[in-house]
file entry.txt (compact mmCIF, C-alpha atoms)
# COMPACT_ATOMS: atom_id res chain seq x y z
CA MET A 1 -61.94 146.56 -13.25
CA ASN A 2 -64.85 146.14 -10.84
CA LYS A 3 -66.33 143.62 -13.24
CA VAL A 4 -63.07 141.58 -13.12
CA ARG A 5 -63.06 141.76 -9.33
CA LEU A 6 -66.69 140.60 -9.26
CA ILE A 7 -65.97 137.68 -11.61
CA LEU A 8 -63.00 136.56 -9.48
CA THR A 9 -65.06 136.78 -6.29
CA VAL A 10 -67.83 134.69 -7.87
CA ILE A 11 -65.26 132.11 -9.06
CA THR A 12 -63.77 131.92 -5.54
CA ILE A 13 -67.19 131.35 -3.98
CA VAL A 14 -68.22 128.78 -6.60
CA ILE A 15 -65.02 126.67 -6.46
CA ASN A 16 -65.11 126.57 -2.67
CA ALA A 17 -68.84 126.13 -2.13
CA VAL A 18 -69.83 123.73 -4.92
CA PRO A 19 -67.65 120.71 -3.94
CA VAL A 20 -68.55 121.01 -0.24
CA ALA A 21 -72.25 121.59 -1.01
CA GLY A 22 -72.12 118.63 -3.39
CA VAL A 23 -70.91 116.13 -0.78
CA LEU A 24 -73.27 117.62 1.82
CA LEU A 25 -76.15 116.91 -0.57
CA MET A 26 -74.85 113.43 -1.34
CA TYR A 27 -74.53 112.59 2.35
CA GLN A 28 -77.55 114.56 3.64
CA ASN A 29 -79.09 111.35 5.02
CA ASN A 30 -75.82 110.14 6.49
CA LEU A 31 -73.80 113.09 7.79
CA LEU A 32 -71.47 110.78 9.72
CA GLY A 33 -70.48 109.32 6.35
CA LEU A 34 -68.82 112.65 5.54
CA VAL A 35 -65.97 111.83 7.88
CA VAL A 36 -66.41 108.06 8.36
CA PRO A 37 -66.31 106.35 4.96
CA PRO A 38 -67.59 102.76 4.53
CA GLU A 39 -63.98 101.52 4.31
CA ILE A 40 -63.51 102.32 8.02
CA ASN A 41 -66.42 100.00 8.86
CA THR A 42 -64.81 97.37 6.65
CA ILE A 43 -61.54 97.75 8.57
CA VAL A 44 -63.34 97.54 11.91
CA ASN A 45 -65.50 94.57 10.89
CA ASP A 46 -63.14 92.54 8.74
CA VAL A 47 -59.60 93.55 9.58
CA VAL A 48 -59.62 94.19 13.30
CA VAL A 49 -60.38 90.91 15.02
CA PRO A 50 -62.44 90.99 18.23
CA GLU A 51 -60.53 90.12 21.38
CA GLU A 52 -62.75 87.06 22.03
CA GLN A 53 -61.82 85.76 18.58
CA LEU A 54 -58.15 86.47 19.27
CA GLY A 55 -58.42 84.57 22.53
CA GLY A 56 -55.64 86.57 24.13
CA PHE A 57 -52.16 87.02 22.72
CA PRO A 58 -51.07 83.37 22.75
CA GLY A 59 -54.49 82.29 21.38
CA ASN A 60 -53.17 82.26 17.80
CA VAL A 61 -49.98 80.48 18.77
CA THR A 62 -50.08 76.69 19.09
CA PHE A 63 -47.12 74.68 20.26
CA VAL A 64 -46.53 71.85 17.75
CA ASP A 65 -43.26 70.08 18.39
CA SER A 66 -39.83 70.32 19.97
CA HIS A 67 -36.52 68.53 19.76
CA TYR A 68 -33.16 68.92 21.46
CA ASP A 69 -29.64 68.71 20.06
CA THR A 70 -27.29 67.66 22.86
CA THR A 71 -24.07 68.63 21.10
CA SER A 72 -25.09 72.27 20.51
CA ARG A 73 -27.33 72.43 23.64
CA THR A 74 -29.97 73.88 21.33
CA ALA A 75 -33.68 73.24 21.63
CA MET A 76 -35.85 73.81 18.57
CA LEU A 77 -39.51 74.67 19.21
CA THR A 78 -42.05 74.62 16.41
CA PHE A 79 -45.17 76.77 16.75
CA GLU A 80 -48.17 77.17 14.48
CA VAL A 81 -49.14 80.81 14.21
CA THR A 82 -52.44 81.89 12.64
CA ASN A 83 -52.82 85.32 11.07
CA PRO A 84 -56.38 86.35 11.99
CA LEU A 85 -56.18 89.58 9.93
CA GLN A 86 -57.26 90.15 6.34
CA PHE A 87 -53.77 91.47 5.72
CA ASP A 88 -50.51 89.66 4.96
CA MET A 89 -48.04 89.95 7.79
CA THR A 90 -44.39 89.17 8.34
CA VAL A 91 -43.03 88.11 11.69
CA ASP A 92 -39.69 89.91 11.58
CA SER A 93 -38.41 88.70 14.93
CA MET A 94 -39.51 86.91 18.05
CA SER A 95 -37.69 86.44 21.31
CA ALA A 96 -38.54 85.09 24.75
CA ASP A 97 -36.94 83.99 27.98
CA VAL A 98 -37.30 80.27 28.79
CA ARG A 99 -37.83 79.42 32.46
CA CYS A 100 -38.40 76.23 34.41
CA ASP A 101 -42.12 76.17 35.18
CA GLU A 102 -41.71 74.31 38.47
CA HIS A 103 -38.82 76.31 39.96
CA ASP A 104 -39.09 79.55 37.99
CA PHE A 105 -35.42 79.08 37.11
CA PRO A 106 -34.02 80.89 34.02
CA LEU A 107 -32.95 78.29 31.45
CA GLY A 108 -32.06 80.31 28.38
CA HIS A 109 -33.24 82.56 25.61
CA ALA A 110 -35.29 81.67 22.53
CA THR A 111 -35.35 83.52 19.20
CA ILE A 112 -36.38 82.97 15.58
CA ASN A 113 -33.61 82.92 12.99
CA ASP A 114 -35.43 84.16 9.88
CA PRO A 115 -38.51 86.32 9.26
CA VAL A 116 -41.69 84.36 8.53
CA ALA A 117 -44.39 85.60 6.15
CA ILE A 118 -47.99 84.62 6.98
CA SER A 119 -50.73 85.41 4.46
CA ALA A 120 -54.11 86.79 5.55
CA GLY A 121 -56.10 84.18 7.46
CA GLU A 122 -53.39 81.54 6.92
CA THR A 123 -51.39 79.50 9.42
CA ALA A 124 -47.62 79.12 9.26
CA GLU A 125 -45.03 77.24 11.26
CA ILE A 126 -42.39 79.20 13.11
CA ASP A 127 -39.24 77.55 14.41
CA VAL A 128 -37.91 79.08 17.59
CA ALA A 129 -34.37 78.16 18.61
CA GLY A 130 -33.30 78.21 22.25
CA THR A 131 -29.96 77.43 23.81
CA TRP A 132 -29.68 76.19 27.42
CA THR A 133 -27.24 78.03 29.61
CA GLN A 134 -24.60 76.15 31.65
CA ASP A 135 -26.65 76.98 34.77
CA ALA A 136 -29.70 75.46 33.10
CA LEU A 137 -27.88 72.18 32.48
CA HIS A 138 -26.77 72.17 36.12
CA HIS A 139 -30.38 72.88 37.16
CA PHE A 140 -31.62 69.89 35.13
CA LEU A 141 -29.00 67.64 36.78
CA THR A 142 -29.78 68.79 40.30
CA ALA A 143 -33.49 69.69 40.36
CA HIS A 144 -34.71 67.32 37.63
CA ALA A 145 -32.24 64.46 37.97
CA GLY A 146 -33.02 61.70 35.48
CA ALA A 147 -35.90 63.61 33.89
CA LYS A 148 -36.04 63.57 30.11
CA ASN A 149 -38.74 66.24 29.93
CA VAL A 150 -39.41 69.38 31.93
CA ASP A 151 -42.34 71.79 31.92
CA VAL A 152 -41.06 75.17 30.78
CA GLU A 153 -42.62 78.55 30.17
CA LEU A 154 -41.85 81.35 27.73
CA THR A 155 -41.81 84.77 29.38
CA GLU A 156 -40.94 88.32 28.33
CA ILE A 157 -42.18 87.53 24.85
CA SER A 158 -41.37 90.14 22.24
CA VAL A 159 -42.62 89.88 18.66
CA THR A 160 -42.03 92.29 15.79
CA VAL A 161 -44.67 92.07 13.07
CA ASN A 162 -44.53 94.35 10.03
CA GLY A 163 -42.31 96.78 11.91
CA VAL A 164 -44.61 96.87 14.96
CA SER A 165 -43.13 95.54 18.20
CA ILE A 166 -45.43 93.76 20.62
CA GLN A 167 -44.15 93.05 24.11
CA THR A 168 -46.36 91.03 26.36
CA GLY A 169 -46.36 89.89 29.94
CA GLU A 170 -48.36 86.83 28.87
CA ILE A 171 -46.72 83.46 29.53
CA ILE A 172 -46.78 80.46 27.19
CA LYS A 173 -46.47 77.19 29.06
CA ILE A 174 -44.87 74.26 27.24
CA PRO A 175 -45.31 70.90 28.99
CA ASP A 176 -42.89 67.98 28.69
CA PHE A 177 -40.15 69.89 26.98
CA PRO A 178 -37.19 67.62 26.08
CA VAL A 179 -34.10 68.75 27.96
CA MET A 180 -31.66 65.86 27.52
CA MET B 181 -44.96 149.76 -27.51
CA HIS B 182 -43.46 146.29 -27.16
CA LEU B 183 -45.06 143.45 -25.12
CA ARG B 184 -44.10 143.51 -21.44
CA ILE B 185 -44.25 140.22 -19.51
CA ASN B 186 -43.91 139.65 -15.78
CA TRP B 187 -41.57 136.65 -16.13
CA VAL B 188 -41.53 135.96 -12.39
CA GLY B 189 -45.33 135.83 -12.37
CA LEU B 190 -45.33 133.55 -15.41
CA ALA B 191 -42.94 131.17 -13.61
CA GLY B 192 -45.14 131.38 -10.50
CA GLY B 193 -48.30 130.59 -12.45
CA VAL B 194 -46.74 127.65 -14.28
CA THR B 195 -45.22 126.29 -11.02
CA THR B 196 -48.63 126.57 -9.31
CA ILE B 197 -50.18 124.41 -12.05
CA VAL B 198 -47.25 121.96 -11.84
CA VAL B 199 -47.91 121.69 -8.07
CA VAL B 200 -51.48 120.57 -8.85
CA ALA B 201 -50.27 117.95 -11.35
CA VAL B 202 -47.57 116.55 -9.01
CA SER B 203 -49.91 116.62 -5.97
CA LEU B 204 -52.30 114.23 -7.72
CA PHE B 205 -49.63 111.53 -7.50
CA TYR B 206 -47.54 112.46 -4.44
CA PRO B 207 -48.64 113.79 -1.04
CA TRP B 208 -47.24 116.95 0.55
CA TRP B 209 -46.62 115.08 3.80
CA GLN B 210 -46.57 111.37 4.50
CA LEU B 211 -46.88 109.37 7.70
CA ARG B 212 -46.00 105.68 7.84
CA VAL B 213 -46.58 103.39 10.81
CA GLY B 214 -44.64 100.12 10.84
CA ASP B 215 -44.02 98.35 7.56
CA GLY B 216 -47.02 99.66 5.60
CA LEU B 217 -49.53 99.01 8.41
CA VAL B 218 -50.84 102.58 8.38
CA THR B 219 -50.08 105.23 5.78
CA ALA B 220 -51.43 108.78 5.71
CA ASN B 221 -50.87 110.76 2.53
CA VAL B 222 -51.71 114.31 3.54
CA SER B 223 -52.04 117.20 1.12
CA PRO B 224 -54.44 120.12 0.65
CA LEU B 225 -55.00 118.78 -2.87
CA ASN B 226 -55.13 115.00 -2.38
CA THR B 227 -55.45 113.32 1.01
CA SER B 228 -55.82 109.57 1.47
CA PHE B 229 -55.26 106.97 4.14
CA SER B 230 -54.35 103.31 4.13
CA VAL B 231 -54.91 101.05 7.14
CA LEU B 232 -53.76 97.43 6.92
CA GLY B 233 -53.92 97.52 3.14
CA THR B 234 -57.35 99.16 2.88
CA SER B 235 -57.21 102.61 1.27
CA PHE B 236 -59.82 105.26 1.85
CA THR B 237 -60.47 108.98 1.90
CA MET B 238 -63.01 111.03 3.81
CA PRO B 239 -65.73 112.55 1.57
CA LEU B 240 -65.58 115.94 3.32
CA VAL B 241 -61.78 116.04 2.99
CA TRP B 242 -62.13 114.94 -0.64
CA ALA B 243 -64.52 117.87 -1.33
CA MET B 244 -62.08 120.29 0.32
CA ASN B 245 -59.28 118.79 -1.79
CA ILE B 246 -61.33 119.41 -4.96
CA ALA B 247 -61.90 123.03 -3.84
CA SER B 248 -58.14 123.41 -3.26
CA ILE B 249 -57.29 121.89 -6.66
CA LEU B 250 -59.68 124.33 -8.38
CA THR B 251 -58.32 127.23 -6.31
CA PHE B 252 -54.74 126.37 -7.29
CA LEU B 253 -55.69 125.94 -10.96
CA VAL B 254 -57.63 129.23 -11.10
CA SER B 255 -54.80 130.97 -9.24
CA GLY B 256 -52.19 129.58 -11.65
CA ILE B 257 -54.19 130.44 -14.77
CA THR B 258 -55.00 133.94 -13.46
CA MET B 259 -51.32 134.50 -12.65
CA ILE B 260 -50.34 133.44 -16.19
CA ILE B 261 -52.97 135.77 -17.75
CA TYR B 262 -51.76 138.63 -15.56
CA SER B 263 -48.10 137.91 -16.37
CA LEU B 264 -48.75 138.08 -20.11
CA LEU B 265 -50.81 141.28 -19.76
CA PRO B 266 -49.34 143.15 -16.79
CA ALA B 267 -50.08 146.56 -18.28
CA LYS B 268 -53.85 146.19 -18.56
CA SER B 269 -56.07 148.22 -16.28
CA TYR B 270 -57.39 145.04 -14.61
CA SER B 271 -53.98 143.34 -14.28
CA LYS B 272 -53.42 144.42 -10.67
CA THR B 273 -56.78 142.93 -9.73
CA LEU B 274 -55.76 139.63 -11.35
CA LEU B 275 -52.41 139.70 -9.54
CA GLY B 276 -54.02 140.52 -6.20
CA PHE B 277 -56.35 137.56 -6.64
CA ALA B 278 -53.72 135.06 -7.80
CA TYR B 279 -50.59 135.64 -5.75
CA LYS B 280 -52.09 135.05 -2.28
CA LYS B 281 -53.75 131.68 -2.91
CA PRO B 282 -50.67 129.36 -2.88
CA LEU B 283 -49.24 131.21 0.14
CA TYR B 284 -52.49 131.02 2.15
CA THR B 285 -52.98 127.33 1.27
CA LEU B 286 -49.40 126.58 2.32
CA LEU B 287 -49.77 128.48 5.61
CA VAL B 288 -53.10 126.84 6.48
CA PHE B 289 -51.66 123.40 5.63
CA VAL B 290 -48.58 123.86 7.85
CA ILE B 291 -50.63 125.28 10.75
CA LEU B 292 -53.24 122.47 10.57
CA LEU B 293 -50.53 119.80 10.27
CA PHE B 294 -48.64 121.18 13.25
CA ALA B 295 -51.88 121.47 15.27
CA SER B 296 -52.89 117.90 14.35
CA THR B 297 -49.59 116.36 15.44
CA LEU B 298 -49.73 118.39 18.65
CA LEU B 299 -53.32 117.26 19.27
CA VAL B 300 -52.41 113.60 18.73
CA GLN B 301 -49.46 113.99 21.10
CA THR B 302 -51.65 115.62 23.77
CA LEU B 303 -54.71 113.38 23.50
CA LEU B 304 -53.21 110.00 22.59
CA HIS B 305 -49.83 110.44 24.30
CA PHE B 306 -47.65 109.28 21.44
CA SER B 307 -45.31 111.47 19.49
CA VAL B 308 -45.63 112.09 15.78
CA PRO B 309 -42.71 114.09 14.40
CA LEU B 310 -43.31 116.52 11.56
CA GLU B 311 -40.16 115.27 9.85
CA GLY B 312 -38.16 112.16 10.75
CA SER B 313 -38.65 108.84 12.51
CA THR B 314 -39.44 107.85 16.06
CA ASN B 315 -40.35 104.66 17.89
CA SER B 316 -43.62 105.37 19.67
CA ALA B 317 -45.77 103.28 21.97
CA LEU B 318 -49.19 103.04 20.35
CA PRO B 319 -52.30 103.60 22.47
CA ILE B 320 -53.94 100.33 21.38
CA PRO B 321 -56.10 98.73 24.06
CA LEU B 322 -55.02 95.16 23.38
CA ILE B 323 -54.39 92.82 26.26
CA GLN B 324 -53.42 93.79 29.78
CA GLY B 325 -49.66 93.86 30.19
CA THR B 326 -49.04 94.13 26.48
CA THR B 327 -47.35 97.12 24.92
CA VAL B 328 -47.31 97.85 21.23
CA SER B 329 -44.71 100.16 19.74
CA ALA B 330 -44.03 101.01 16.14
CA LEU B 331 -41.62 102.97 14.04
CA ILE B 332 -43.40 106.14 12.89
CA SER B 333 -41.80 107.82 9.89
CA THR B 334 -42.97 111.15 8.56
CA GLY B 335 -41.68 113.56 6.00
CA PHE B 336 -42.50 116.41 3.66
CA GLN B 337 -42.53 115.32 0.04
CA LEU B 338 -41.59 116.98 -3.27
CA PRO B 339 -44.97 118.77 -3.89
CA PHE B 340 -44.64 120.57 -0.53
CA TRP B 341 -41.28 122.08 -1.50
CA LEU B 342 -42.62 122.83 -4.97
CA ALA B 343 -45.59 124.65 -3.36
CA ILE B 344 -43.13 126.76 -1.34
CA VAL B 345 -41.34 127.66 -4.59
CA ALA B 346 -44.70 128.50 -6.25
CA ALA B 347 -45.77 130.68 -3.30
CA GLY B 348 -42.35 132.39 -3.30
CA LEU B 349 -42.51 133.10 -7.03
CA CYS B 350 -46.06 134.47 -6.70
CA ILE B 351 -44.94 136.86 -3.93
CA ALA B 352 -41.89 137.84 -6.02
CA ALA B 353 -44.25 138.51 -8.94
CA ARG B 354 -46.20 140.94 -6.75
CA ILE B 355 -42.96 142.76 -5.87
CA TYR B 356 -41.71 142.64 -9.49
CA HIS B 357 -45.04 144.12 -10.63
CA LYS B 358 -43.96 147.52 -9.21
CA ARG B 359 -40.99 147.52 -11.62
CA VAL B 360 -43.17 146.43 -14.56
CA ALA B 361 -45.73 149.14 -13.68
CA ALA B 362 -42.97 151.78 -13.37
CA VAL B 363 -41.61 150.91 -16.85
CA GLN B 364 -45.17 151.03 -18.16
CA GLU B 365 -45.71 154.53 -16.72
CA GLN B 366 -42.46 155.73 -18.36
CA GLU B 367 -43.63 154.35 -21.73
CA VAL B 368 -47.03 156.05 -21.39
CA THR B 369 -45.26 159.37 -20.63
CA LEU B 370 -43.06 158.93 -23.72
CA VAL B 371 -46.06 158.09 -25.94
CA VAL B 372 -47.91 161.19 -24.73
CA ALA B 373 -44.80 163.39 -25.13
CA THR B 374 -43.77 162.17 -28.64
CA PRO B 375 -46.48 163.96 -30.77
CA ILE B 376 -45.58 167.39 -29.27
CA ALA B 377 -41.99 167.35 -30.67
CA PRO B 378 -42.87 167.40 -34.46
CA LEU B 379 -45.43 170.15 -33.85
CA ALA B 380 -42.72 172.30 -32.22
CA THR B 381 -40.31 171.62 -35.14
CA GLU B 382 -42.96 172.56 -37.70
CA ALA B 383 -43.71 175.81 -35.84
CA SER B 384 -40.03 176.85 -35.78
CA ALA B 385 -39.67 176.07 -39.55
CA GLU B 386 -42.55 178.35 -40.34

call {"tool": "encode", "arguments": {"input": "entry.txt", "output": "structure tokens"}}
result
Amino acid sequence: MNKVRLILTVITIVINAVPVAGVLLMYQNNLLGLVVPPEINTIVNDVVVPEEQLGGFPGNVTFVDSHYDTTSRTAMLTFEVTNPLQFDMTVDSMSADVRCDEHDFPLGHATINDPVAISAGETAEIDVAGTWTQDALHHFLTAHAGAKNVDVELTEISVTVNGVSIQTGEIIKIPDFPVM
Amino acid sequence: MHLRINWVGLAGGVTTIVVVAVSLFYPWWQLRVGDGLVTANVSPLNTSFSVLGTSFTMPLVWAMNIASILTFLVSGITMIIYSLLPAKSYSKTLLGFAYKKPLYTLLVFVILLFASTLLVQTLLHFSVPLEGSTNSALPIPLIQGTTVSALISTGFQLPFWLAIVAAGLCIAARIYHKRVAAVQEQEVTLVVATPIAPLATEASAE
């Protein structure tokens, strides 16, 4: 019975010590590698983009075009968004408040209608729809009488990408936005 | 003397080995951040992580997982051997070795998991539930004035519940052993007593 006990004790020591001793030997010249595998460096180097490269939150967002439908009072903004990550992402939703840049007057709310998939390193176009409020139309008539275009800014921007919500205080300025 | 088997122990041993097989494919506990942005598959037998589509495991954790797999396998096999031969002189030693392993592994796993989530909550100030979903603000130093929040979903998976069953059966086998041993003692008494009866009959005939 003592022999059985001895065998079991030896087995316990061997099955616990051998794997740990094995990796310790394999990583004896790189002990940090025991807890930080090379994949983490890959993620840091390739996947996570440096802030300078990001150029701030709106850095990957370029305003392309806009047009206005008078009957529905809806403005359609087209942005080019670049995915700087080595990972496919889906923009599930995006919303922002639209304000008059000159008077800081609230004009309406902008959202995207459908999710947009952007492959790793690729650029995709996102259409953002915004509807002017009745007050906004009155503001255009009184403060920008006769103007066809107004400088606007997008504030309180909220973007949901792959289930992660990003809310930023950054402001995107859009010059010469068609309002009539 | 007919063959006595500790059926509860046999079930415990087999379940312990099944836990190993299932744990190679499914984690005991899973954490998901966002829509597949970060995934942590945590298990004493097979732990892996996935960040933005890149999967990895830590070599030290991998070695500990291998040790746990071997421990579970040896425990299961020992429990099966004991269960088939519960009357042997060394059977109690086998049982004593085998029945504690799944329970201890389970306890250590739960304690470490609870401590880890508590540590993350204390140090990084975002909550990680042990089971369920929550929308947490992530401590990512991005751009000033920007907040990042994500849906964090966690949950215990099938192998965890199976490990609880295995640990329970192994403990039950230890309790059931007393009954098996008691029956064995009765049989030994009968075997020793049986040869005396014919001798007494022969003596009275003479």

call {"tool": "interface_residues", "arguments": {"input": "entry.txt", "of": "chain B", "to": "chain A", "cutoff": "7 Å", "atoms": "all atoms listed in the file", "output": "mmCIF file with C-alpha atoms, keeping the file's coordinate frame"}}
result
data_model
loop_
_atom_site.group_PDB
_atom_site.id
_atom_site.type_symbol
_atom_site.label_atom_id
_atom_site.label_comp_id
_atom_site.auth_asym_id
_atom_site.auth_seq_id
_atom_site.Cartn_x
_atom_site.Cartn_y
_atom_site.Cartn_z
ATOM 1 C CA GLY B 214 -44.640 100.120 10.840
ATOM 2 C CA ASP B 215 -44.020 98.350 7.560
ATOM 3 C CA LEU B 232 -53.760 97.430 6.920
ATOM 4 C CA GLY B 233 -53.920 97.520 3.140
ATOM 5 C CA PHE B 236 -59.820 105.260 1.850
ATOM 6 C CA MET B 238 -63.010 111.030 3.810
ATOM 7 C CA PRO B 239 -65.730 112.550 1.570
ATOM 8 C CA LEU B 240 -65.580 115.940 3.320
ATOM 9 C CA ALA B 243 -64.520 117.870 -1.330
ATOM 10 C CA MET B 244 -62.080 120.290 0.320
ATOM 11 C CA ILE B 246 -61.330 119.410 -4.960
ATOM 12 C CA ALA B 247 -61.900 123.030 -3.840
ATOM 13 C CA LEU B 250 -59.680 124.330 -8.380
ATOM 14 C CA THR B 251 -58.320 127.230 -6.310
ATOM 15 C CA SER B 269 -56.070 148.220 -16.280
ATOM 16 C CA TYR B 270 -57.390 145.040 -14.610
ATOM 17 C CA THR B 273 -56.780 142.930 -9.730
ATOM 18 C CA ILE B 323 -54.390 92.820 26.260
ATOM 19 C CA GLY B 325 -49.660 93.860 30.190
ATOM 20 C CA THR B 326 -49.040 94.130 26.480
ATOM 21 C CA THR B 327 -47.350 97.120 24.920
ATOM 22 C CA VAL B 328 -47.310 97.850 21.230
ATOM 23 C CA SER B 329 -44.710 100.160 19.740
ATOM 24 C CA ALA B 330 -44.030 101.010 16.140
ATOM 25 C CA LEU B 331 -41.620 102.970 14.040
#

call {"tool": "closest_residue", "arguments": {"input": "entry.txt", "among": "A:Val152, A:Ala143, A:Ile118, A:Val10", "to": "Val91 (chain A)", "atoms": "all atoms listed in the file"}}
result
A:Ile118

call {"tool": "closest_residue", "arguments": {"input": "entry.txt", "among": "B:Thr285, B:Thr258, B:Ser263, B:Thr334", "to": "Asn221 (chain B)", "atoms": "only C-alpha atoms"}}
result
B:Thr334

call {"tool": "closest_residue", "arguments": {"input": "entry.txt", "among": "A:Ala136, A:Leu77, A:Ala145, A:Leu25", "to": "Ile174 (chain A)", "atoms": "only C-alpha atoms"}}
result
A:Leu77

call {"tool": "atom_distance", "arguments": {"input": "entry.txt", "atom1": "CA of Ile260 (chain B)", "atom2": "CA of Phe336 (chain B)"}}
result
27.3 Å

call {"tool": "closest_residue", "arguments": {"input": "entry.txt", "among": "A:Thr123, A:Asn41, A:Asn113, A:Asn149", "to": "Phe79 (chain A)", "atoms": "only C-alpha atoms"}}
result
A:Thr123

call {"tool": "atom_distance", "arguments": {"input": "entry.txt", "atom1": "CA of Asp97 (chain A)", "atom2": "CA of Lys173 (chain A)"}}
result
11.8 Å

call {"tool": "atom_distance", "arguments": {"input": "entry.txt", "atom1": "CA of Gly193 (chain B)", "atom2": "CA of Ile257 (chain B)"}}
result
6.3 Å

call {"tool": "closest_residue", "arguments": {"input": "entry.txt", "among": "A:Ser93, A:Gln28, A:Asn45, A:Thr74", "to": "Ala129 (chain A)", "atoms": "all atoms listed in the file"}}
result
A:Thr74

call {"tool": "residues_near_point", "arguments": {"input": "entry.txt", "point": "(-52.0, 122.7, -10.8)", "cutoff": "7 Å", "atoms": "only C-alpha atoms", "output": "CSV table (one decimal) with C-alpha atoms, in the frame of the given file"}}
result
chain,number,residue,atom,x,y,z
B,196,THR,CA,-48.6,126.6,-9.3
B,197,ILE,CA,-50.2,124.4,-12.0
B,198,VAL,CA,-47.2,122.0,-11.8
B,199,VAL,CA,-47.9,121.7,-8.1
B,200,VAL,CA,-51.5,120.6,-8.8
B,201,ALA,CA,-50.3,118.0,-11.4
B,249,ILE,CA,-57.3,121.9,-6.7
B,252,PHE,CA,-54.7,126.4,-7.3
B,253,LEU,CA,-55.7,125.9,-11.0
B,256,GLY,CA,-52.2,129.6,-11.6

call {"tool": "closest_residue", "arguments": {"input": "entry.txt", "among": "A:Thr82, A:Thr155, A:Thr71, A:Thr142", "to": "Asp104 (chain A)", "atoms": "only C-alpha atoms"}}
result
A:Thr155
